file entry_19.cif (mmCIF, C-alpha atoms)
data_coords
loop_
_atom_site.group_PDB
_atom_site.id
_atom_site.type_symbol
_atom_site.label_atom_id
_atom_site.label_comp_id
_atom_site.auth_asym_id
_atom_site.auth_seq_id
_atom_site.Cartn_x
_atom_site.Cartn_y
_atom_site.Cartn_z
ATOM 1 C CA MET A 129 37.594 23.440 0.188
ATOM 2 C CA VAL A 130 40.253 23.029 -2.516
ATOM 3 C CA GLY A 131 40.809 19.389 -3.421
ATOM 4 C CA VAL A 132 44.127 17.511 -3.340
ATOM 5 C CA ASP A 133 44.500 18.176 -7.071
ATOM 6 C CA GLY A 134 43.749 21.863 -6.634
ATOM 7 C CA SER A 135 40.164 21.541 -7.807
ATOM 8 C CA MET A 136 37.424 23.648 -6.263
ATOM 9 C CA ASP A 137 33.717 23.119 -5.989
ATOM 10 C CA GLU A 138 31.128 25.371 -7.638
ATOM 11 C CA SER A 139 30.340 27.482 -4.554
ATOM 12 C CA GLU A 140 34.021 28.237 -3.985
ATOM 13 C CA ARG A 141 34.449 29.316 -7.583
ATOM 14 C CA GLU A 142 31.359 31.531 -7.293
ATOM 15 C CA TRP A 143 32.763 33.198 -4.169
ATOM 16 C CA LEU A 144 36.132 33.920 -5.783
ATOM 17 C CA ALA A 145 34.388 35.256 -8.871
ATOM 18 C CA GLY A 146 32.337 37.511 -6.598
ATOM 19 C CA CYS A 147 35.600 38.857 -5.161
ATOM 20 C CA GLY A 148 36.678 39.923 -8.658
ATOM 21 C CA MET A 149 38.976 36.926 -9.243
ATOM 22 C CA MET A 150 39.198 35.002 -12.511
ATOM 23 C CA ARG A 151 40.688 31.577 -13.303
ATOM 24 C CA ILE A 152 43.795 31.186 -15.468
ATOM 25 C CA GLU A 153 44.072 27.671 -16.946
ATOM 26 C CA ASN A 154 46.896 25.593 -15.365
ATOM 27 C CA CYS A 155 48.034 28.576 -13.275
ATOM 28 C CA GLY A 156 45.629 29.770 -10.659
ATOM 29 C CA TRP A 157 43.523 32.862 -10.004
ATOM 30 C CA ARG A 158 44.159 36.596 -10.579
ATOM 31 C CA ARG A 159 42.169 39.781 -10.253
ATOM 32 C CA GLU A 160 39.683 40.305 -13.069
ATOM 33 C CA GLY A 161 40.728 43.228 -15.337
ATOM 34 C CA GLU A 162 44.441 42.660 -14.792
ATOM 35 C CA ASP A 163 46.597 41.469 -17.665
ATOM 36 C CA GLY A 164 48.577 38.298 -17.470
ATOM 37 C CA GLY A 165 52.048 39.780 -18.018
ATOM 38 C CA SER A 166 53.600 40.756 -14.726
ATOM 39 C CA ASP A 167 50.439 40.329 -12.665
ATOM 40 C CA ARG A 168 50.504 38.085 -9.666
ATOM 41 C CA VAL A 169 48.916 34.667 -10.312
ATOM 42 C CA TRP A 170 47.455 32.651 -7.430
ATOM 43 C CA SER A 171 48.730 29.102 -7.093
ATOM 44 C CA ALA A 172 46.627 26.200 -5.818
ATOM 45 C CA ASN A 173 48.272 26.470 -2.380
ATOM 46 C CA GLU A 174 47.461 30.150 -2.207
ATOM 47 C CA GLU A 175 43.862 29.358 -3.142
ATOM 48 C CA ASP A 176 43.756 26.932 -0.245
ATOM 49 C CA GLU A 177 45.124 29.599 2.102
ATOM 50 C CA GLU A 178 42.542 32.123 0.923
ATOM 51 C CA MET A 179 39.706 29.629 1.426
ATOM 52 C CA ALA A 180 41.000 28.953 4.947
ATOM 53 C CA LYS A 181 40.604 32.646 5.727
ATOM 54 C CA LEU A 182 36.863 32.540 5.121
ATOM 55 C CA LEU A 183 34.611 33.316 8.053
ATOM 56 C CA PRO A 184 32.329 30.500 9.265
ATOM 57 C CA SER A 185 29.312 32.463 8.006
ATOM 58 C CA GLN A 186 30.894 32.716 4.538
ATOM 59 C CA LYS A 187 31.644 28.997 4.495
ATOM 60 C CA LYS A 188 28.056 28.314 5.571
ATOM 61 C CA ARG A 189 26.735 30.430 2.708
ATOM 62 C CA MET A 190 28.981 28.582 0.288
ATOM 63 C CA ARG A 191 27.700 25.216 1.507
ATOM 64 C CA GLN A 192 24.109 26.446 1.131
ATOM 65 C CA LYS A 193 24.838 27.591 -2.416
ATOM 66 C CA GLN A 194 26.362 24.213 -3.196
ATOM 67 C CA ARG A 195 23.296 22.372 -1.873
ATOM 68 C CA LYS A 196 21.005 24.593 -3.945
ATOM 69 C CA ALA A 197 23.121 23.998 -7.023
ATOM 70 C CA ASP A 198 23.005 20.232 -6.433
ATOM 71 C CA ALA A 199 19.224 20.363 -5.963
ATOM 72 C CA ARG A 200 18.786 22.331 -9.198
ATOM 73 C CA ALA A 201 20.983 19.893 -11.091
ATOM 74 C CA LYS A 202 19.034 16.930 -9.699
ATOM 75 C CA LYS A 203 15.691 18.509 -10.587
ATOM 76 C CA GLU A 204 16.846 19.277 -14.107
ATOM 77 C CA ALA A 205 18.078 15.702 -14.546
ATOM 78 C CA GLU A 206 14.732 14.305 -13.339
ATOM 79 C CA SER A 207 12.842 16.630 -15.694
ATOM 80 C CA LYS A 208 14.941 15.439 -18.612
ATOM 81 C CA ILE A 209 14.261 11.799 -17.686
ATOM 82 C CA GLU A 210 10.505 12.467 -17.504
ATOM 83 C CA GLU A 211 10.589 14.236 -20.870
ATOM 84 C CA THR A 212 12.509 11.339 -22.389
ATOM 85 C CA ASN A 213 10.064 8.770 -21.003
ATOM 86 C CA ALA A 214 7.089 10.791 -22.232
ATOM 87 C CA SER A 215 8.672 11.094 -25.654
ATOM 88 C CA ASN A 216 9.385 7.367 -25.837
ATOM 89 C CA SER A 217 5.844 6.563 -24.698
ATOM 90 C CA SER A 218 4.410 8.868 -27.337
ATOM 91 C CA LYS A 219 6.561 7.311 -30.048
ATOM 92 C CA SER A 220 5.578 3.770 -29.106
ATOM 93 C CA GLY A 221 1.918 4.749 -28.998
ATOM 94 C CA LYS A 222 1.465 3.382 -25.472
ATOM 95 C CA ARG A 223 -0.212 5.507 -22.841
ATOM 96 C CA HIS A 224 -0.957 4.811 -19.227
ATOM 97 C CA VAL A 225 -4.737 5.040 -19.088
ATOM 98 C CA LYS A 226 -6.534 4.731 -15.767
ATOM 99 C CA ALA A 227 -8.758 1.666 -15.697
ATOM 100 C CA VAL A 228 -12.469 2.389 -15.656
ATOM 101 C CA ASP A 229 -14.729 0.298 -13.431
ATOM 102 C CA PRO A 230 -17.513 -1.015 -15.713
ATOM 103 C CA ASP A 231 -19.746 -1.733 -12.706
ATOM 104 C CA PRO A 232 -19.023 0.954 -10.064
ATOM 105 C CA HIS A 233 -22.220 0.290 -8.086
ATOM 106 C CA GLY A 234 -22.082 -3.519 -8.264
ATOM 107 C CA GLU A 235 -25.384 -3.803 -10.113
ATOM 108 C CA LYS A 236 -24.107 -6.408 -12.561
ATOM 109 C CA LEU A 237 -22.457 -8.330 -9.744
ATOM 110 C CA VAL A 238 -25.754 -8.986 -7.981
ATOM 111 C CA GLN A 239 -27.526 -9.969 -11.192
ATOM 112 C CA VAL A 240 -26.677 -13.677 -11.060
ATOM 113 C CA GLU A 241 -28.855 -16.629 -11.931
ATOM 114 C CA ASP A 242 -28.452 -18.333 -8.540
ATOM 115 C CA PRO A 243 -27.447 -15.934 -5.739
ATOM 116 C CA LEU A 244 -27.298 -18.706 -3.137
ATOM 117 C CA MET A 245 -24.848 -20.746 -5.201
ATOM 118 C CA GLU A 246 -22.766 -17.608 -5.738
ATOM 119 C CA ALA A 247 -22.802 -16.957 -1.987
ATOM 120 C CA THR A 248 -21.703 -20.555 -1.394
ATOM 121 C CA LYS A 249 -18.539 -19.934 -3.434
ATOM 122 C CA TYR A 250 -17.517 -17.067 -1.164
ATOM 123 C CA LEU A 251 -18.588 -19.034 1.889
ATOM 124 C CA LYS A 252 -16.150 -21.830 1.038
ATOM 125 C CA LEU A 253 -13.316 -19.315 0.860
ATOM 126 C CA LEU A 254 -14.240 -17.983 4.303
ATOM 127 C CA GLN A 255 -14.465 -21.483 5.755
ATOM 128 C CA LYS A 256 -11.021 -22.250 4.383
ATOM 129 C CA ASN A 257 -9.292 -19.077 5.573
ATOM 130 C CA SER A 258 -11.383 -17.794 8.531
ATOM 131 C CA LEU A 259 -12.747 -20.868 10.237
ATOM 132 C CA ASP A 260 -12.567 -19.337 13.729
ATOM 133 C CA CYS A 261 -14.436 -16.178 12.759
ATOM 134 C CA LEU A 262 -17.997 -15.863 14.068
ATOM 135 C CA GLY A 263 -19.073 -14.077 10.895
ATOM 136 C CA THR A 264 -18.088 -17.045 8.754
ATOM 137 C CA HIS A 265 -20.508 -19.351 10.539
ATOM 138 C CA LEU A 266 -23.263 -16.740 10.691
ATOM 139 C CA LEU A 267 -23.090 -16.549 6.913
ATOM 140 C CA SER A 268 -22.952 -20.333 6.645
ATOM 141 C CA PHE A 269 -26.047 -20.682 8.829
ATOM 142 C CA GLU A 270 -28.079 -18.147 6.838
ATOM 143 C CA VAL A 271 -27.058 -19.509 3.430
ATOM 144 C CA ASN A 272 -27.770 -23.131 4.349
ATOM 145 C CA MET A 273 -31.091 -22.328 5.989
ATOM 146 C CA ARG A 274 -32.179 -20.673 2.747
ATOM 147 C CA ARG A 275 -30.924 -23.647 0.745
ATOM 148 C CA GLN A 276 -32.879 -25.986 3.029
ATOM 149 C CA LYS A 277 -29.602 -27.725 3.995
ATOM 150 C CA ILE A 278 -30.620 -28.469 7.584
ATOM 151 C CA LEU A 279 -27.604 -30.565 8.550
ATOM 152 C CA LEU A 280 -25.166 -27.947 7.219
ATOM 153 C CA ALA A 281 -27.086 -25.254 9.103
ATOM 154 C CA LEU A 282 -26.811 -27.428 12.223
ATOM 155 C CA GLN A 283 -23.064 -27.680 11.709
ATOM 156 C CA ALA A 284 -22.806 -23.880 11.443
ATOM 157 C CA LEU A 285 -24.912 -23.496 14.586
ATOM 158 C CA LYS A 286 -22.591 -25.790 16.551
ATOM 159 C CA HIS A 287 -19.592 -23.692 15.445
ATOM 160 C CA LEU A 288 -21.353 -20.520 16.576
ATOM 161 C CA LEU A 289 -22.064 -21.948 20.021
ATOM 162 C CA ARG A 290 -18.518 -23.231 20.305
ATOM 163 C CA LEU A 291 -16.988 -19.846 19.445
ATOM 164 C CA ASP A 292 -19.345 -17.641 21.493
ATOM 165 C CA MET A 293 -22.241 -19.231 23.310
ATOM 166 C CA GLU A 294 -23.253 -15.892 24.861
ATOM 167 C CA SER A 295 -23.429 -14.028 21.569
ATOM 168 C CA PRO A 296 -26.894 -12.640 20.696
ATOM 169 C CA ASP A 297 -26.310 -13.802 17.127
ATOM 170 C CA SER A 298 -25.711 -17.348 18.313
ATOM 171 C CA HIS A 299 -28.948 -17.318 20.354
ATOM 172 C CA HIS A 300 -30.863 -15.864 17.438
ATOM 173 C CA CYS A 301 -29.652 -18.639 15.144
ATOM 174 C CA LEU A 302 -30.461 -21.265 17.780
ATOM 175 C CA VAL A 303 -34.096 -20.112 18.075
ATOM 176 C CA LYS A 304 -34.446 -19.755 14.336
ATOM 177 C CA PHE A 305 -33.078 -23.254 13.764
ATOM 178 C CA PHE A 306 -35.467 -25.051 16.108
ATOM 179 C CA ASN A 307 -38.433 -23.032 14.818
ATOM 180 C CA LYS A 308 -37.520 -24.289 11.388
ATOM 181 C CA VAL A 309 -37.134 -27.875 12.580
ATOM 182 C CA SER A 310 -40.498 -27.834 14.359
ATOM 183 C CA SER A 311 -42.212 -26.729 11.147
ATOM 184 C CA MET A 312 -40.614 -29.417 8.997
ATOM 185 C CA PRO A 313 -43.062 -31.798 7.251
ATOM 186 C CA SER A 314 -43.567 -35.348 8.420
ATOM 187 C CA ARG A 315 -40.686 -37.711 7.856
ATOM 188 C CA VAL A 316 -41.655 -39.753 4.798
ATOM 189 C CA THR A 317 -38.522 -40.509 2.824
ATOM 190 C CA ASP A 318 -35.435 -42.288 4.110
ATOM 191 C CA ALA A 319 -33.447 -39.052 3.730
ATOM 192 C CA GLU A 320 -35.903 -37.109 5.870
ATOM 193 C CA ARG A 321 -35.862 -39.800 8.540
ATOM 194 C CA LEU A 322 -32.057 -39.763 8.520
ATOM 195 C CA VAL A 323 -31.958 -35.988 8.977
ATOM 196 C CA TRP A 324 -34.439 -36.173 11.832
ATOM 197 C CA SER A 325 -32.481 -38.900 13.604
ATOM 198 C CA VAL A 326 -29.333 -36.756 13.446
ATOM 199 C CA LEU A 327 -31.231 -33.757 14.827
ATOM 200 C CA GLU A 328 -32.589 -35.796 17.715
ATOM 201 C CA ALA A 329 -29.122 -37.098 18.511
ATOM 202 C CA GLU A 330 -27.562 -33.599 18.453
ATOM 203 C CA ARG A 331 -30.335 -31.794 20.333
ATOM 204 C CA PRO A 332 -29.048 -32.520 23.878
ATOM 205 C CA SER A 333 -25.539 -31.274 23.090
ATOM 206 C CA ILE A 334 -26.957 -28.033 21.743
ATOM 207 C CA LEU A 335 -29.602 -27.234 24.350
ATOM 208 C CA TYR A 336 -27.865 -28.413 27.491
#

call {"tool": "encode", "arguments": {"input": "entry_19.cif", "output": "structure tokens"}}
result
Amino acid sequence: MVGVDGSMDESEREWLAGCGMMRIENCGWRREGEDGGSDRVWSANEEDEEMAKLLPSQKKRMRQKQRKADARAKKEAESKIEETNASNSSKSGKRHVKAVDPDPHGEKLVQVEDPLMEATKYLKLLQKNSLDCLGTHLLSFEVNMRRQKILLALQALKHLLRLDMESPDSHHCLVKFFNKVSSMPSRVTDAERLVWSVLEAERPSILY
């Protein structure tokens, strides 16, 4: 539609131009090919009246043309911005290069001097953030059994039984633990006697 100040949008101007009309600055519209002497000039009000006579289908086409024109203008503006950014990046010598994983298969990651100590680092994170997860204590049990930390393995076993006493994993760890305890050497040092006394004290709460 014609604006309050007599201005028209692009689709309206295209339609009038398609009807053979041409714009006269500060005056209005007249038929293309007619001179400006005694020819009839369209005022802004007359433009508004002519636009009001449009059929709904014609107005719809004009709105579609306007949307397409807006989309083209937006796309061109985005292209210019991308070109400008690329130019600036090229001038500054900086390029966005995709980072390359130096160890895609994790081969270097597993090549550590003490795998059990490395596993203990991750275990502490799990114990801090996922204390009620069965997997945390399964890992704790396995790591500490391999490190010969019997009391820490016992602690992990108690957590497993507390979280899920019926779990096959819990039963597996229980059997494995007492098999290990039964094969322990005789209690010679004070530390070994202390560990054994703790095991004897905790046995009833675990088995019954």

call {"tool": "atom_distance", "arguments": {"input": "entry_19.cif", "atom1": "CA of Asn213 (chain A)", "atom2": "CA of Arg200 (chain A)"}}
result
20.0 Å

call {"tool": "resolve_selection", "arguments": {"input": "entry_19.cif", "expression": "the PyMOL selection byres ((chain A and resi 268-273) around 8)", "output": "list in words"}}
result
Leu244, Ala247, Thr248, Leu251, Thr264, His265, Leu266, Leu267, Arg274, Arg275, Gln276, Lys277, Ile278, Leu280, Ala281, Leu282, Ala284, Leu285 and Cys301 of chain A

call {"tool": "atom_distance", "arguments": {"input": "entry_19.cif", "atom1": "CA of Leu259 (chain A)", "atom2": "CA of Ser333 (chain A)"}}
result
20.9 Å

call {"tool": "atom_distance", "arguments": {"input": "entry_19.cif", "atom1": "CA of Leu327 (chain A)", "atom2": "CA of Val309 (chain A)"}}
result
8.6 Å

call {"tool": "resolve_selection", "arguments": {"input": "entry_19.cif", "expression": "the PyMOL selection byres ((chain A and resi 298) around 12)", "output": "ChimeraX atom specification"}}
result
/A:262-263,265-267,269-270,282,284-297,299-305,334

call {"tool": "closest_residue", "arguments": {"input": "entry_19.cif", "among": "A:Met190, A:Glu328, A:Ala197, A:Leu322", "to": "Ser310 (chain A)", "atoms": "all atoms listed in the file"}}
result
A:Glu328

call {"tool": "closest_residue", "arguments": {"input": "entry_19.cif", "among": "A:Leu335, A:Ile209, A:Val316, A:Val326", "to": "Leu279 (chain A)", "atoms": "all atoms listed in the file"}}
result
A:Val326

call {"tool": "decode", "arguments": {"input": "entry_19.cif", "residues": "region 240-282 of chain A", "atoms": "N, CA and C atoms", "output": "short mmCIF file (atom, residue, chain, number, x, y, z; two decimals), in the first residue's frame"}}
result
data_model
loop_
_atom_site.label_atom_id
_atom_site.label_comp_id
_atom_site.auth_asym_id
_atom_site.auth_seq_id
_atom_site.Cartn_x
_atom_site.Cartn_y
_atom_site.Cartn_z
N VAL A 240 51.02 -45.84 29.71
CA VAL A 240 51.42 -45.12 30.92
C VAL A 240 52.30 -46.02 31.78
N GLU A 241 53.10 -45.40 32.60
CA GLU A 241 54.03 -46.17 33.42
C GLU A 241 53.31 -47.02 34.46
N ASP A 242 52.24 -46.45 35.06
CA ASP A 242 51.51 -47.18 36.10
C ASP A 242 50.02 -47.09 35.82
N PRO A 243 49.47 -48.03 35.07
CA PRO A 243 48.05 -47.98 34.71
C PRO A 243 47.12 -47.95 35.91
N LEU A 244 47.47 -48.66 36.98
CA LEU A 244 46.60 -48.69 38.16
C LEU A 244 46.53 -47.33 38.84
N MET A 245 47.66 -46.63 38.90
CA MET A 245 47.65 -45.29 39.49
C MET A 245 46.85 -44.33 38.60
N GLU A 246 46.97 -44.51 37.29
CA GLU A 246 46.19 -43.68 36.36
C GLU A 246 44.70 -43.95 36.54
N ALA A 247 44.34 -45.22 36.70
CA ALA A 247 42.94 -45.58 36.92
C ALA A 247 42.42 -45.01 38.23
N THR A 248 43.30 -44.93 39.23
CA THR A 248 42.90 -44.39 40.53
C THR A 248 42.52 -42.92 40.43
N LYS A 249 43.18 -42.18 39.54
CA LYS A 249 42.84 -40.76 39.35
C LYS A 249 41.40 -40.61 38.86
N TYR A 250 41.04 -41.42 37.87
CA TYR A 250 39.67 -41.37 37.35
C TYR A 250 38.67 -41.91 38.36
N LEU A 251 39.11 -42.89 39.14
CA LEU A 251 38.24 -43.46 40.16
C LEU A 251 37.85 -42.42 41.19
N LYS A 252 38.79 -41.57 41.59
CA LYS A 252 38.50 -40.54 42.58
C LYS A 252 37.47 -39.54 42.05
N LEU A 253 37.55 -39.26 40.76
CA LEU A 253 36.55 -38.35 40.17
C LEU A 253 35.16 -38.99 40.22
N LEU A 254 35.09 -40.28 39.91
CA LEU A 254 33.80 -40.98 39.97
C LEU A 254 33.26 -41.04 41.39
N GLN A 255 34.13 -41.29 42.35
CA GLN A 255 33.69 -41.36 43.74
C GLN A 255 33.20 -40.01 44.25
N LYS A 256 33.73 -38.95 43.68
CA LYS A 256 33.33 -37.61 44.09
C LYS A 256 31.99 -37.21 43.46
N ASN A 257 31.77 -37.61 42.21
CA ASN A 257 30.61 -37.13 41.47
C ASN A 257 29.52 -38.18 41.23
N SER A 258 29.85 -39.48 41.39
CA SER A 258 28.85 -40.54 41.15
C SER A 258 28.94 -41.60 42.23
N LEU A 259 28.81 -41.18 43.46
CA LEU A 259 28.98 -42.08 44.58
C LEU A 259 27.89 -43.14 44.65
N ASP A 260 26.70 -42.85 44.15
CA ASP A 260 25.59 -43.81 44.22
C ASP A 260 25.44 -44.61 42.94
N CYS A 261 26.47 -44.64 42.13
CA CYS A 261 26.44 -45.42 40.89
C CYS A 261 27.14 -46.76 41.13
N LEU A 262 26.48 -47.85 40.75
CA LEU A 262 27.04 -49.18 40.96
C LEU A 262 28.37 -49.34 40.23
N GLY A 263 28.47 -48.76 39.04
CA GLY A 263 29.69 -48.87 38.26
C GLY A 263 30.90 -48.27 38.94
N THR A 264 30.68 -47.21 39.70
CA THR A 264 31.79 -46.57 40.42
C THR A 264 32.44 -47.55 41.39
N HIS A 265 31.63 -48.29 42.12
CA HIS A 265 32.16 -49.19 43.14
C HIS A 265 32.65 -50.51 42.54
N LEU A 266 32.11 -50.88 41.39
CA LEU A 266 32.67 -52.03 40.67
C LEU A 266 34.10 -51.73 40.23
N LEU A 267 34.30 -50.52 39.71
CA LEU A 267 35.64 -50.11 39.31
C LEU A 267 36.56 -50.01 40.52
N SER A 268 36.05 -49.45 41.60
CA SER A 268 36.85 -49.32 42.82
C SER A 268 37.28 -50.69 43.34
N PHE A 269 36.36 -51.64 43.32
CA PHE A 269 36.68 -52.99 43.79
C PHE A 269 37.79 -53.62 42.94
N GLU A 270 37.65 -53.55 41.62
CA GLU A 270 38.62 -54.18 40.74
C GLU A 270 40.00 -53.52 40.85
N VAL A 271 40.02 -52.19 40.89
CA VAL A 271 41.30 -51.48 40.98
C VAL A 271 42.01 -51.80 42.29
N ASN A 272 41.27 -51.79 43.40
CA ASN A 272 41.90 -52.01 44.70
C ASN A 272 42.28 -53.47 44.93
N MET A 273 41.56 -54.39 44.33
CA MET A 273 41.97 -55.79 44.41
C MET A 273 43.30 -55.98 43.68
N ARG A 274 43.47 -55.32 42.54
CA ARG A 274 44.72 -55.43 41.81
C ARG A 274 45.87 -54.72 42.53
N ARG A 275 45.54 -53.69 43.27
CA ARG A 275 46.57 -52.96 44.02
C ARG A 275 46.85 -53.62 45.38
N GLN A 276 46.17 -54.70 45.66
CA GLN A 276 46.31 -55.41 46.93
C GLN A 276 45.87 -54.54 48.12
N LYS A 277 44.93 -53.61 47.88
CA LYS A 277 44.37 -52.77 48.93
C LYS A 277 43.09 -53.43 49.43
N ILE A 278 43.25 -54.40 50.33
CA ILE A 278 42.13 -55.25 50.74
C ILE A 278 41.04 -54.45 51.46
N LEU A 279 41.43 -53.54 52.32
CA LEU A 279 40.42 -52.79 53.07
C LEU A 279 39.63 -51.85 52.15
N LEU A 280 40.30 -51.27 51.15
CA LEU A 280 39.58 -50.42 50.20
C LEU A 280 38.66 -51.25 49.32
N ALA A 281 39.10 -52.46 48.97
CA ALA A 281 38.24 -53.36 48.21
C ALA A 281 37.03 -53.77 49.04
N LEU A 282 37.24 -53.98 50.35
CA LEU A 282 36.14 -54.29 51.25
C LEU A 282 35.14 -53.14 51.32
#
